[in-house]
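Peer 1: Handing over work.txt, compact mmCIF, C-alpha atoms and all ligand atoms.
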```
# COMPACT_ATOMS: atom_id res chain seq x y z
CA MET A 1 170.46 144.98 104.19
CA SER A 2 169.13 141.39 104.30
CA ARG A 3 170.86 139.00 106.64
CA ALA A 4 172.52 136.14 104.72
CA VAL A 5 171.75 132.66 105.95
CA THR A 6 173.06 129.29 104.82
CA LEU A 7 170.02 127.11 104.17
CA ILE A 8 170.55 123.35 104.34
CA PRO A 9 167.32 121.53 103.39
CA GLY A 10 168.78 118.20 104.54
CA ASP A 11 167.51 114.65 104.20
CA GLY A 12 164.18 112.82 104.44
CA ILE A 13 161.41 115.27 105.38
CA GLY A 14 164.05 118.03 105.48
CA PRO A 15 163.29 119.58 102.06
CA GLU A 16 159.53 119.47 102.78
CA VAL A 17 159.70 121.24 106.14
CA THR A 18 162.38 123.65 104.87
CA ASP A 19 160.15 124.67 101.96
CA ALA A 20 157.28 125.29 104.34
CA THR A 21 159.51 127.31 106.65
CA VAL A 22 160.88 129.55 103.91
CA THR A 23 157.34 130.14 102.64
CA VAL A 24 156.23 131.29 106.09
CA LEU A 25 159.38 133.38 106.67
CA THR A 26 158.92 135.17 103.37
CA ALA A 27 155.22 135.83 103.97
CA ALA A 28 156.00 137.24 107.42
CA GLY A 29 158.53 139.69 106.00
CA ALA A 30 161.70 138.15 107.44
CA ASP A 31 164.63 140.04 105.94
CA LEU A 32 166.81 137.06 105.04
CA GLU A 33 168.77 136.08 101.96
CA TYR A 34 169.16 132.32 101.52
CA ASP A 35 172.24 130.55 100.27
CA THR A 36 171.02 126.96 99.75
CA GLN A 37 173.65 124.25 100.32
CA LEU A 38 173.86 120.48 100.60
CA ALA A 39 174.87 118.34 103.57
CA GLY A 40 174.22 114.83 104.86
CA LEU A 41 173.10 111.84 102.82
CA GLU A 42 171.92 114.02 99.94
CA ALA A 43 175.36 115.64 99.69
CA LEU A 44 177.01 112.23 99.85
CA LYS A 45 174.85 111.06 96.93
CA GLN A 46 175.36 114.14 94.78
CA LEU A 47 178.91 115.18 95.67
CA ARG A 48 180.32 112.11 97.46
CA ASN A 49 180.93 114.17 100.56
CA PRO A 50 178.45 114.50 103.46
CA LEU A 51 179.88 117.93 104.32
CA PRO A 52 180.99 119.60 101.05
CA LYS A 53 183.43 122.48 100.96
CA ALA A 54 180.86 124.79 99.34
CA THR A 55 178.62 124.31 102.38
CA LEU A 56 181.44 125.08 104.79
CA ASP A 57 182.46 128.11 102.70
CA SER A 58 178.91 129.41 102.82
CA ALA A 59 178.68 128.89 106.58
CA GLU A 60 182.05 130.56 107.00
CA ARG A 61 180.65 133.62 105.22
CA THR A 62 177.19 133.79 106.82
CA ARG A 63 177.93 132.36 110.27
CA LEU A 64 174.22 131.65 110.37
CA ILE A 65 172.66 128.30 109.40
CA LEU A 66 169.06 127.17 109.09
CA LYS A 67 169.15 123.43 108.73
CA GLY A 68 166.76 120.57 108.04
CA PRO A 69 167.51 117.18 109.63
CA LEU A 70 170.40 115.11 108.32
CA THR A 71 170.34 111.32 108.21
CA THR A 72 173.20 109.74 110.12
CA PRO A 73 173.86 106.02 109.62
CA SER A 74 173.96 104.11 112.93
CA GLY A 75 177.03 102.10 113.85
CA SER A 76 179.34 102.17 110.83
CA GLY A 77 179.34 104.91 108.15
CA PHE A 78 180.17 108.60 108.33
CA ARG A 79 180.06 110.49 111.61
CA SER A 80 177.21 112.83 112.40
CA ILE A 81 177.41 115.99 110.27
CA ASN A 82 175.28 117.72 112.91
CA VAL A 83 177.98 117.06 115.49
CA GLU A 84 180.64 118.09 112.94
CA LEU A 85 178.96 121.47 112.30
CA ARG A 86 178.54 122.11 116.01
CA LYS A 87 182.23 121.35 116.52
CA THR A 88 183.49 123.39 113.56
CA TYR A 89 181.86 126.57 114.83
CA ASP A 90 182.10 125.75 118.53
CA LEU A 91 178.33 126.02 118.92
CA TYR A 92 178.52 125.18 122.58
CA ALA A 93 175.00 126.00 123.73
CA ASN A 94 172.11 123.93 122.46
CA VAL A 95 168.96 125.79 123.43
CA ARG A 96 165.75 123.76 123.26
CA PRO A 97 162.56 125.46 124.39
CA VAL A 98 159.34 123.46 124.70
CA ARG A 99 155.99 125.17 125.06
CA THR A 100 152.43 123.88 124.86
CA ILE A 101 150.74 124.93 121.64
CA VAL A 102 148.20 122.16 121.12
CA PRO A 103 145.63 122.23 123.92
CA GLY A 104 144.26 119.01 125.42
CA GLY A 105 147.58 117.22 125.86
CA ARG A 106 148.74 115.53 129.03
CA TYR A 107 149.66 118.94 130.47
CA GLU A 108 148.56 122.49 129.75
CA ASP A 109 150.90 125.46 129.73
CA VAL A 110 154.22 123.64 129.71
CA ASP A 111 156.94 126.25 129.20
CA LEU A 112 160.45 124.92 129.69
CA VAL A 113 163.89 125.52 128.22
CA LEU A 114 166.57 122.87 128.12
CA ILE A 115 170.13 124.10 127.68
CA ARG A 116 172.44 121.31 126.61
CA GLU A 117 176.23 121.42 126.54
CA ASN A 118 176.95 120.76 122.90
CA THR A 119 180.69 120.14 122.49
CA GLU A 120 181.88 117.83 125.28
CA GLY A 121 180.68 114.82 127.25
CA LEU A 122 180.46 111.42 125.57
CA TYR A 123 179.66 112.96 122.19
CA VAL A 124 183.25 114.05 121.57
CA GLY A 125 183.37 110.67 119.84
CA VAL A 126 186.62 109.44 121.37
CA GLU A 127 185.92 105.73 120.99
CA HIS A 128 187.85 102.62 120.16
CA TYR A 129 187.63 98.85 120.13
CA ILE A 130 189.78 96.67 122.33
CA GLY A 131 190.87 93.35 120.92
CA MET A 132 191.09 90.25 123.12
CA HIS A 133 191.52 86.54 122.46
CA GLY A 134 191.61 87.02 118.70
CA ASP A 135 188.40 89.07 118.65
CA PRO A 136 189.31 92.59 117.44
CA ARG A 137 186.00 93.89 118.81
CA ALA A 138 185.88 92.09 122.12
CA ALA A 139 185.18 95.38 123.88
CA ALA A 140 184.57 99.04 123.08
CA GLU A 141 185.52 102.08 125.08
CA SER A 142 184.22 105.64 124.95
CA VAL A 143 185.61 108.66 126.76
CA MET A 144 183.50 111.32 128.49
CA ILE A 145 185.23 114.69 128.53
CA VAL A 146 184.21 117.47 130.87
CA THR A 147 186.37 120.57 131.18
CA ARG A 148 186.04 123.35 133.73
CA PHE A 149 186.04 125.79 130.79
CA GLY A 150 183.24 123.95 128.98
CA ALA A 151 181.13 123.45 132.09
CA GLU A 152 181.56 127.05 133.19
CA ARG A 153 180.56 128.60 129.88
CA ILE A 154 177.41 126.47 129.47
CA LEU A 155 176.33 127.08 133.07
CA ARG A 156 176.95 130.79 132.71
CA TYR A 157 174.98 130.71 129.45
CA ALA A 158 172.06 129.05 131.26
CA PHE A 159 172.00 131.59 134.09
CA GLU A 160 172.39 134.53 131.70
CA TYR A 161 169.61 133.09 129.55
CA ALA A 162 167.33 132.80 132.60
CA ARG A 163 168.14 136.32 133.76
CA SER A 164 167.72 138.02 130.38
CA ARG A 165 164.35 136.36 129.80
CA GLY A 166 162.88 136.88 133.22
CA ARG A 167 162.97 133.20 134.12
CA LYS A 168 163.15 132.27 137.77
CA LYS A 169 164.92 128.99 138.18
CA VAL A 170 167.80 126.94 136.77
CA THR A 171 167.98 123.19 137.43
CA LEU A 172 171.21 121.31 136.84
CA ALA A 173 170.52 117.65 136.04
CA HIS A 174 173.57 115.44 136.57
CA LYS A 175 174.84 112.01 137.58
CA ALA A 176 177.59 113.04 139.99
CA ASN A 177 176.63 110.26 142.42
CA ILE A 178 178.02 107.67 139.99
CA LEU A 179 180.34 109.61 137.65
CA LYS A 180 182.14 111.33 140.47
CA TYR A 181 184.87 112.98 138.37
CA THR A 182 183.22 114.06 135.11
CA GLN A 183 179.76 114.81 136.48
CA GLY A 184 181.27 115.83 139.80
CA LEU A 185 183.27 118.57 138.08
CA PHE A 186 180.16 119.78 136.26
CA LEU A 187 178.27 119.91 139.57
CA ASP A 188 181.09 121.73 141.39
CA VAL A 189 181.27 124.38 138.68
CA ALA A 190 177.47 124.73 138.72
CA ARG A 191 177.47 125.49 142.43
CA GLU A 192 180.21 128.09 141.96
CA VAL A 193 178.50 129.82 139.03
CA ALA A 194 175.11 129.78 140.78
CA LYS A 195 176.55 131.97 143.55
CA GLU A 196 176.98 134.78 141.01
CA TYR A 197 173.25 134.72 140.26
CA PRO A 198 171.50 135.23 143.59
CA ASP A 199 168.43 136.55 141.72
CA ILE A 200 167.89 133.11 140.10
CA VAL A 201 166.80 130.08 142.11
CA SER A 202 169.22 127.23 141.42
CA GLU A 203 168.94 123.55 142.23
CA ASP A 204 170.66 120.35 141.24
CA ARG A 205 169.04 116.97 140.70
CA ILE A 206 170.09 113.51 139.65
CA ILE A 207 169.30 113.01 135.96
CA ASP A 208 167.12 109.91 136.35
CA ALA A 209 165.00 111.51 139.06
CA THR A 210 164.73 114.60 136.87
CA ALA A 211 163.36 112.48 134.03
CA MET A 212 160.65 111.08 136.29
CA GLN A 213 159.78 114.47 137.77
CA LEU A 214 159.52 116.00 134.29
CA VAL A 215 156.91 113.42 133.38
CA LEU A 216 154.99 113.69 136.67
CA ASP A 217 155.07 117.44 137.17
CA PRO A 218 156.80 119.55 134.49
CA GLY A 219 155.50 122.74 136.12
CA ARG A 220 158.15 122.50 138.84
CA PHE A 221 160.89 123.22 136.28
CA ASP A 222 161.84 126.33 134.32
CA VAL A 223 165.34 126.32 132.72
CA LEU A 224 167.28 123.04 132.81
CA VAL A 225 170.98 122.70 132.04
CA MET A 226 172.98 119.50 131.54
CA GLU A 227 175.79 117.79 129.68
CA ASN A 228 175.55 116.70 126.09
CA MET A 229 174.03 113.22 126.07
CA PHE A 230 171.67 113.81 128.99
CA GLY A 231 170.43 116.89 127.13
CA ASP A 232 169.95 114.94 123.93
CA ILE A 233 167.79 112.38 125.71
CA LEU A 234 165.78 114.70 127.95
CA SER A 235 165.02 117.15 125.16
CA ASP A 236 163.14 114.41 123.30
CA LEU A 237 161.32 113.54 126.52
CA MET A 238 160.38 117.20 126.96
CA ALA A 239 159.17 117.40 123.36
CA GLY A 240 156.84 114.55 124.28
CA LEU A 241 155.28 116.73 126.99
CA VAL A 242 154.02 119.21 124.39
CA GLY A 243 152.82 116.89 121.65
CA GLY A 244 155.94 115.31 120.24
CA LEU A 245 158.97 116.01 118.12
CA GLY A 246 156.93 118.00 115.62
CA PHE A 247 156.94 120.90 118.12
CA ALA A 248 160.50 121.07 119.38
CA PRO A 249 162.79 123.76 117.93
CA ALA A 250 166.48 124.25 118.71
CA GLY A 251 169.29 126.74 118.42
CA ASN A 252 172.98 125.86 118.51
CA ILE A 253 174.74 128.99 119.68
CA GLY A 254 178.41 129.91 119.70
CA GLU A 255 180.34 133.16 120.07
CA GLN A 256 180.94 133.49 116.31
CA ALA A 257 178.11 131.56 114.66
CA ALA A 258 174.72 129.98 115.22
CA MET A 259 172.73 127.16 113.68
CA PHE A 260 169.00 126.57 114.00
CA GLU A 261 167.29 123.23 113.44
CA ALA A 262 164.40 121.10 114.65
CA VAL A 263 165.07 118.54 117.38
CA HIS A 264 163.55 115.80 115.23
CA GLY A 265 165.38 113.77 112.59
CA SER A 266 164.77 113.07 108.91
CA ALA A 267 161.71 110.85 109.63
CA PRO A 268 162.37 108.32 106.84
CA ASP A 269 159.01 106.65 107.59
CA ILE A 270 157.04 109.64 106.28
CA ALA A 271 159.60 111.29 103.97
CA GLY A 272 158.40 112.29 100.52
CA LYS A 273 154.72 111.98 101.45
CA GLY A 274 154.20 115.69 102.08
CA VAL A 275 152.61 115.06 105.49
CA ALA A 276 155.36 116.17 107.91
CA ASN A 277 154.62 118.77 110.53
CA PRO A 278 156.87 121.78 109.78
CA THR A 279 156.20 123.46 113.16
CA ALA A 280 159.53 122.55 114.76
CA LEU A 281 161.59 124.04 111.94
CA ILE A 282 159.31 127.08 111.67
CA LEU A 283 159.79 127.68 115.41
CA SER A 284 163.54 127.16 114.97
CA ALA A 285 163.46 129.86 112.31
CA CYS A 286 161.72 132.12 114.84
CA LEU A 287 164.62 131.52 117.24
CA LEU A 288 166.93 132.49 114.36
CA LEU A 289 164.98 135.71 113.80
CA ASP A 290 165.22 136.54 117.51
CA HIS A 291 168.96 135.86 117.31
CA VAL A 292 169.48 138.29 114.41
CA ALA A 293 167.32 140.96 116.05
CA GLN A 294 164.26 140.56 113.83
CA PRO A 295 161.73 139.86 116.59
CA LYS A 296 158.75 141.31 114.71
CA PRO A 297 158.40 138.66 111.98
CA ALA A 298 159.19 136.02 114.64
CA GLU A 299 156.26 137.19 116.77
CA ARG A 300 153.94 137.35 113.77
CA ILE A 301 154.81 133.79 112.84
CA ARG A 302 154.40 132.45 116.38
CA ARG A 303 150.99 134.10 116.72
CA ALA A 304 149.77 132.79 113.35
CA LEU A 305 151.06 129.29 114.01
CA GLU A 306 149.42 129.15 117.42
CA ARG A 307 146.15 130.37 116.01
CA VAL A 308 146.09 127.74 113.28
CA VAL A 309 146.97 124.94 115.69
CA ARG A 310 144.47 126.05 118.34
CA GLU A 311 141.63 126.54 115.84
CA GLY A 312 142.26 122.97 114.81
CA VAL A 313 140.83 123.21 111.29
CA SER A 314 144.21 122.62 109.67
CA ARG A 315 146.41 120.18 111.55
CA THR A 316 148.95 117.64 110.33
CA ALA A 317 148.57 113.91 111.05
CA ASP A 318 150.86 113.92 114.12
CA MET A 319 148.39 116.42 115.67
CA GLY A 320 145.49 114.12 114.81
CA GLY A 321 144.49 116.19 111.78
CA LYS A 322 144.13 115.57 108.06
CA ALA A 323 146.08 118.50 106.61
CA ASN A 324 149.23 117.89 104.62
CA THR A 325 152.33 120.04 104.98
CA ARG A 326 151.22 122.41 102.24
CA ASP A 327 147.67 123.00 103.59
CA PHE A 328 149.01 123.61 107.06
CA THR A 329 151.65 126.03 105.75
CA ASP A 330 149.08 127.93 103.68
CA ALA A 331 146.84 128.20 106.74
CA ILE A 332 149.70 129.78 108.71
CA VAL A 333 150.39 132.25 105.91
CA ARG A 334 146.69 133.22 105.83
CA ALA A 335 146.69 133.66 109.62
CA LEU A 336 149.59 136.15 109.59
CA GLU A 337 148.48 139.52 110.89
P1 LIG B 1 163.02 111.09 113.76
O1 LIG B 1 162.92 112.30 114.61
O2 LIG B 1 163.40 111.28 112.35
O3 LIG B 1 161.61 110.32 113.78
C1 LIG B 1 161.01 109.79 114.96
C2 LIG B 1 159.49 109.66 114.75
O4 LIG B 1 158.90 110.97 114.80
C3 LIG B 1 159.12 109.08 113.40
O5 LIG B 1 157.98 108.26 113.56
C4 LIG B 1 158.79 110.30 112.57
O6 LIG B 1 157.86 110.06 111.55
C5 LIG B 1 158.22 111.26 113.60
N1 LIG B 1 158.51 112.66 113.24
C6 LIG B 1 159.71 113.30 113.34
N2 LIG B 1 159.61 114.54 112.89
C7 LIG B 1 158.33 114.71 112.49
C8 LIG B 1 157.61 115.81 111.92
N3 LIG B 1 158.21 116.98 111.67
N4 LIG B 1 156.31 115.63 111.61
C9 LIG B 1 155.69 114.46 111.85
N5 LIG B 1 156.31 113.39 112.41
C10 LIG B 1 157.62 113.51 112.71
O7 LIG B 1 164.04 110.10 114.49
P2 LIG B 1 164.73 108.76 113.96
O8 LIG B 1 163.77 107.99 113.13
O9 LIG B 1 165.33 108.18 115.15
O10 LIG B 1 165.93 109.26 113.05
C11 LIG B 1 165.90 109.31 111.62
C12 LIG B 1 167.22 109.87 111.11
O11 LIG B 1 167.34 111.25 111.49
C13 LIG B 1 168.46 109.16 111.65
O12 LIG B 1 169.36 109.02 110.59
C14 LIG B 1 169.01 110.14 112.67
O13 LIG B 1 170.41 110.04 112.84
C15 LIG B 1 168.62 111.47 112.09
N6 LIG B 1 168.51 112.56 113.07
C16 LIG B 1 168.97 113.79 112.69
C17 LIG B 1 168.85 114.87 113.53
C18 LIG B 1 169.35 116.21 113.05
O14 LIG B 1 169.67 116.37 111.89
N7 LIG B 1 169.44 117.20 113.90
C19 LIG B 1 168.25 114.75 114.86
C20 LIG B 1 167.74 113.42 115.15
C21 LIG B 1 167.89 112.37 114.28
MG MG B 2 168.53 113.93 119.55
```
Using structure tokens, write down the structure that the file contains.
Ligand code: NAI
Ligand code: MG
Peer 2:
Amino acid sequence: MSRAVTLIPGDGIGPEVTDATVTVLTAAGADLEYDTQLAGLEALKQLRNPLPKATLDSAERTRLILKGPLTTPSGSGFRSINVELRKTYDLYANVRPVRTIVPGGRYEDVDLVLIRENTEGLYVGVEHYIGMHGDPRAAAESVMIVTRFGAERILRYAFEYARSRGRKKVTLAHKANILKYTQGLFLDVAREVAKEYPDIVSEDRIIDATAMQLVLDPGRFDVLVMENMFGDILSDLMAGLVGGLGFAPAGNIGEQAAMFEAVHGSAPDIAGKGVANPTALILSACLLLDHVAQPKPAERIRRALERVVREGVSRTADMGGKANTRDFTDAIVRALE
């Protein structure tokens, strides 16, 4: 029986890269049945609700989401629907692999996985203004939450991930030198959990030094684990090591549900032009296929995609090519073996 998946095309380039992804999934024989639903700005426009009940009902039923990017207004406006979905289903592990596909970049053979805590930290969104001297917004305050429970389960996830995939090393990136309580707790728990995995090399590093080392010598890392906001920032940096946001897929994994999406956003600057690179969402769909135990179509897609990108005949603009989304997608379909 086909696996049901809630498909959210999303905003901006979302519908374009989602179309491309479904085309490739279908051609590769992925056994999925799509329930297409709205969320984000598009849902707000059509249904006056950025996260409609029908979408939640669908997700409740499928517990599996493939999602295009959703536009989130900065500052005022509705809160991030991405964060909302992660919270609703307690998708605590954000898994972001980056791997070199396009040769000739700054580094060859980058192969890293960032595992980001997805439910705590500063992104819990506990914020408020403080009024002073007649100015209601004289100051603003935000709370960083770290729990032993949350830290332990993400660290355990990272070590289990490393072990089950034959990876050798887990690096915890933190800021416990300054944030002695919140980051200190994370670091303490990391050292405890690491003891249970003597087969995996573990190390901890200050987040800023980690950022520099990643740029200078990514080969010294393997799996990296960190709290929410640090992971958000460093995963974009790591995408840059392999050619940019067009290549960075992600899974948001919980005990009861999972959601797969690209790291990039809705790219309003190129939306509607049909030129977006669909690779990140296609690779996210491959992570989804792995997750639902359909590794064969996932492998076929990865091989075809790599071949097309390496051959270089059909590449999108962000890869320095002239192909539009459709040409590139068709080339991948033709390359499927
Ligand atoms: P962005 O990732 O949308 O774009 C950054 C730059 O990368 C732009 O120049 C864009 O054209 C380029 N780019 C991104 N994806 C690309 C692709 N697939 N192919 C070719 N070029 C690509 O980030 P930005 O502009 O900061 O955010 C735009 C909107 O997206 C915001 O509303 C933001 O909140 C939202 N966003 C949503 C995410 C999600 O739904 N998971 C994640 C990140 C941002
Ligand atoms: Mg981000």
Peer 1: Please return as a PyMOL selection string every residue within 8 Å of (151.4, 135.6, 102.3), taking into account all atoms listed in the file and the file's own coordinates.
Peer 2: chain A and resi 24+26-28+333-334+336
Peer 1: For ligand MG 2 (chain B), which residue among A:Ala59, A:Val263, A:Ile301, A:Val275 is the nearest when counting only C-alpha atoms and all ligand atoms?
Peer 2: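 Counting only C-alpha atoms and all ligand atoms, the residue closest to ligand MG 2 (chain B) is A:Val263.
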Peer 1: Produce a table with one row for each residue of range 194-306 of chain A that has an atom at most 9 Å from any atom of range 82-87 of chain A, each row naming the nearest atom pair and its distance in Å at one decimal; use only C-alpha atoms; arrange rows by chain and rising residue number; format as a tab-separated table.
Peer 2:
```
residue	atom	partner	partner_atom	distance
A:Asn252	CA	A:Arg86	CA	7.2
A:Ile253	CA	A:Arg86	CA	8.7
A:Gly254	CA	A:Arg86	CA	8.6
A:Ala258	CA	A:Arg86	CA	8.8
A:Met259	CA	A:Arg86	CA	8.0
```
Peer 1: Rank nothing, just name the residue among A:Lys175, A:Lys273, A:Lys195, A:Arg96 nearest to Phe230 in chain A, using only C-alpha atoms.
Peer 2: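 Checking each of A:Lys175, A:Lys273, A:Lys195, A:Arg96 against Phe230 in chain A, counting only C-alpha atoms, the winner is A:Lys175.
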Peer 1: Give me the residues near Leu122 in chain A as a PDB file with C-alpha atoms, in the coordinates of the input, where near means some atom within 10 Å (using only C-alpha atoms) and where sequence neighbours in that chain fewer than 6 positions away do not count.
Peer 2:
```
ATOM      1  CA  SER A 142     184.220 105.640 124.950  1.00  0.00           C
ATOM      2  CA  VAL A 143     185.610 108.660 126.760  1.00  0.00           C
ATOM      3  CA  MET A 144     183.500 111.320 128.490  1.00  0.00           C
ATOM      4  CA  ILE A 145     185.230 114.690 128.530  1.00  0.00           C
ATOM      5  CA  VAL A 146     184.210 117.470 130.870  1.00  0.00           C
ATOM      6  CA  GLU A 227     175.790 117.790 129.680  1.00  0.00           C
ATOM      7  CA  ASN A 228     175.550 116.700 126.090  1.00  0.00           C
ATOM      8  CA  MET A 229     174.030 113.220 126.070  1.00  0.00           C
ATOM      9  CA  PHE A 230     171.670 113.810 128.990  1.00  0.00           C
TER      10      PHE A 230
END
```
Peer 1: Could you check how far CA of Lys168 in chain A sits from CA of Gln294 in chain A, in Å to one decimal?
Peer 2: 25.4 Å
Peer 1: Nearest residue to Leu237 in chain A out of A:Leu216, A:Leu66, A:Ala158, A:Leu44, using all atoms listed in the file?
Peer 2: A:Leu216
Peer 1: Would you list the residues that come within 8 Å of ligand LIG 1 (chain B)? Count all atoms listed in the file and give the answer as a ChimeraX atom specification.
Peer 2: /A:10,12-13,17,67-74,80-82,244-247,261-271,275-281,316-318
Peer 1: Find, counting only C-alpha atoms, the residue in A:Thr325, A:Ala162, A:Asp208, A:Arg300 that gets nearest to Gly14 in chain A.
Peer 2: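 Smallest distance to Gly14 in chain A is found for A:Thr325.
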Peer 1: Counting all atoms listed in the file, which of A:Gly231, A:Pro297, A:Gly243, A:Gly320 gets nearest to ligand MG 2 (chain B)?
Peer 2: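 Nearest candidate to ligand MG 2 (chain B) out of A:Gly231, A:Pro297, A:Gly243, A:Gly320: A:Gly231.
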Peer 1: Measure the distance from CA of Asp111 in chain A to CA of Leu25 in chain A in Å and round it to one decimal.
Peer 2: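 Computed distance, CA of Asp111 in chain A to CA of Leu25 in chain A, equals 23.8 Å.
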Peer 1: Which residues, written as a CSV table (one decimal) with C-alpha atoms, keeping the file's coordinate frame, have at least one atom at most 10 Å from Leu38 in chain A, with only C-alpha atoms counted and residues fewer than 4 positions away on the same chain left out?
Peer 2:
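What landed in around.csv:
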```
chain,number,residue,atom,x,y,z
A,6,THR,CA,173.1,129.3,104.8
A,7,LEU,CA,170.0,127.1,104.2
A,8,ILE,CA,170.6,123.4,104.3
A,9,PRO,CA,167.3,121.5,103.4
A,10,GLY,CA,168.8,118.2,104.5
A,11,ASP,CA,167.5,114.6,104.2
A,42,GLU,CA,171.9,114.0,99.9
A,43,ALA,CA,175.4,115.6,99.7
A,44,LEU,CA,177.0,112.2,99.8
A,46,GLN,CA,175.4,114.1,94.8
A,47,LEU,CA,178.9,115.2,95.7
A,49,ASN,CA,180.9,114.2,100.6
A,50,PRO,CA,178.4,114.5,103.5
A,51,LEU,CA,179.9,117.9,104.3
A,52,PRO,CA,181.0,119.6,101.0
A,53,LYS,CA,183.4,122.5,101.0
A,54,ALA,CA,180.9,124.8,99.3
A,55,THR,CA,178.6,124.3,102.4
A,56,LEU,CA,181.4,125.1,104.8
A,67,LYS,CA,169.2,123.4,108.7
```
Peer 1: Have a look at A:Ser202, A:Thr171, A:Thr182, A:Ser164 and name the one nearest to Gly150 in chain A; count only C-alpha atoms.
Peer 2: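 Closest to Gly150 in chain A, using only C-alpha atoms: A:Thr182.
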Peer 1: So how far away is CA of Gly105 in chain A from CA of Met238 in chain A, in Å?
Peer 2: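 If I compute the distance from CA of Met238 in chain A to CA of Gly105 in chain A, I get 12.8 Å.
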Peer 1: Applying 8 Å and only C-alpha atoms, which residues near Thr62 in chain A remain after dropping the ones on its own chain fewer than 4 positions away? List them as number ranges by chain.
Peer 2: A: 4-6, 58
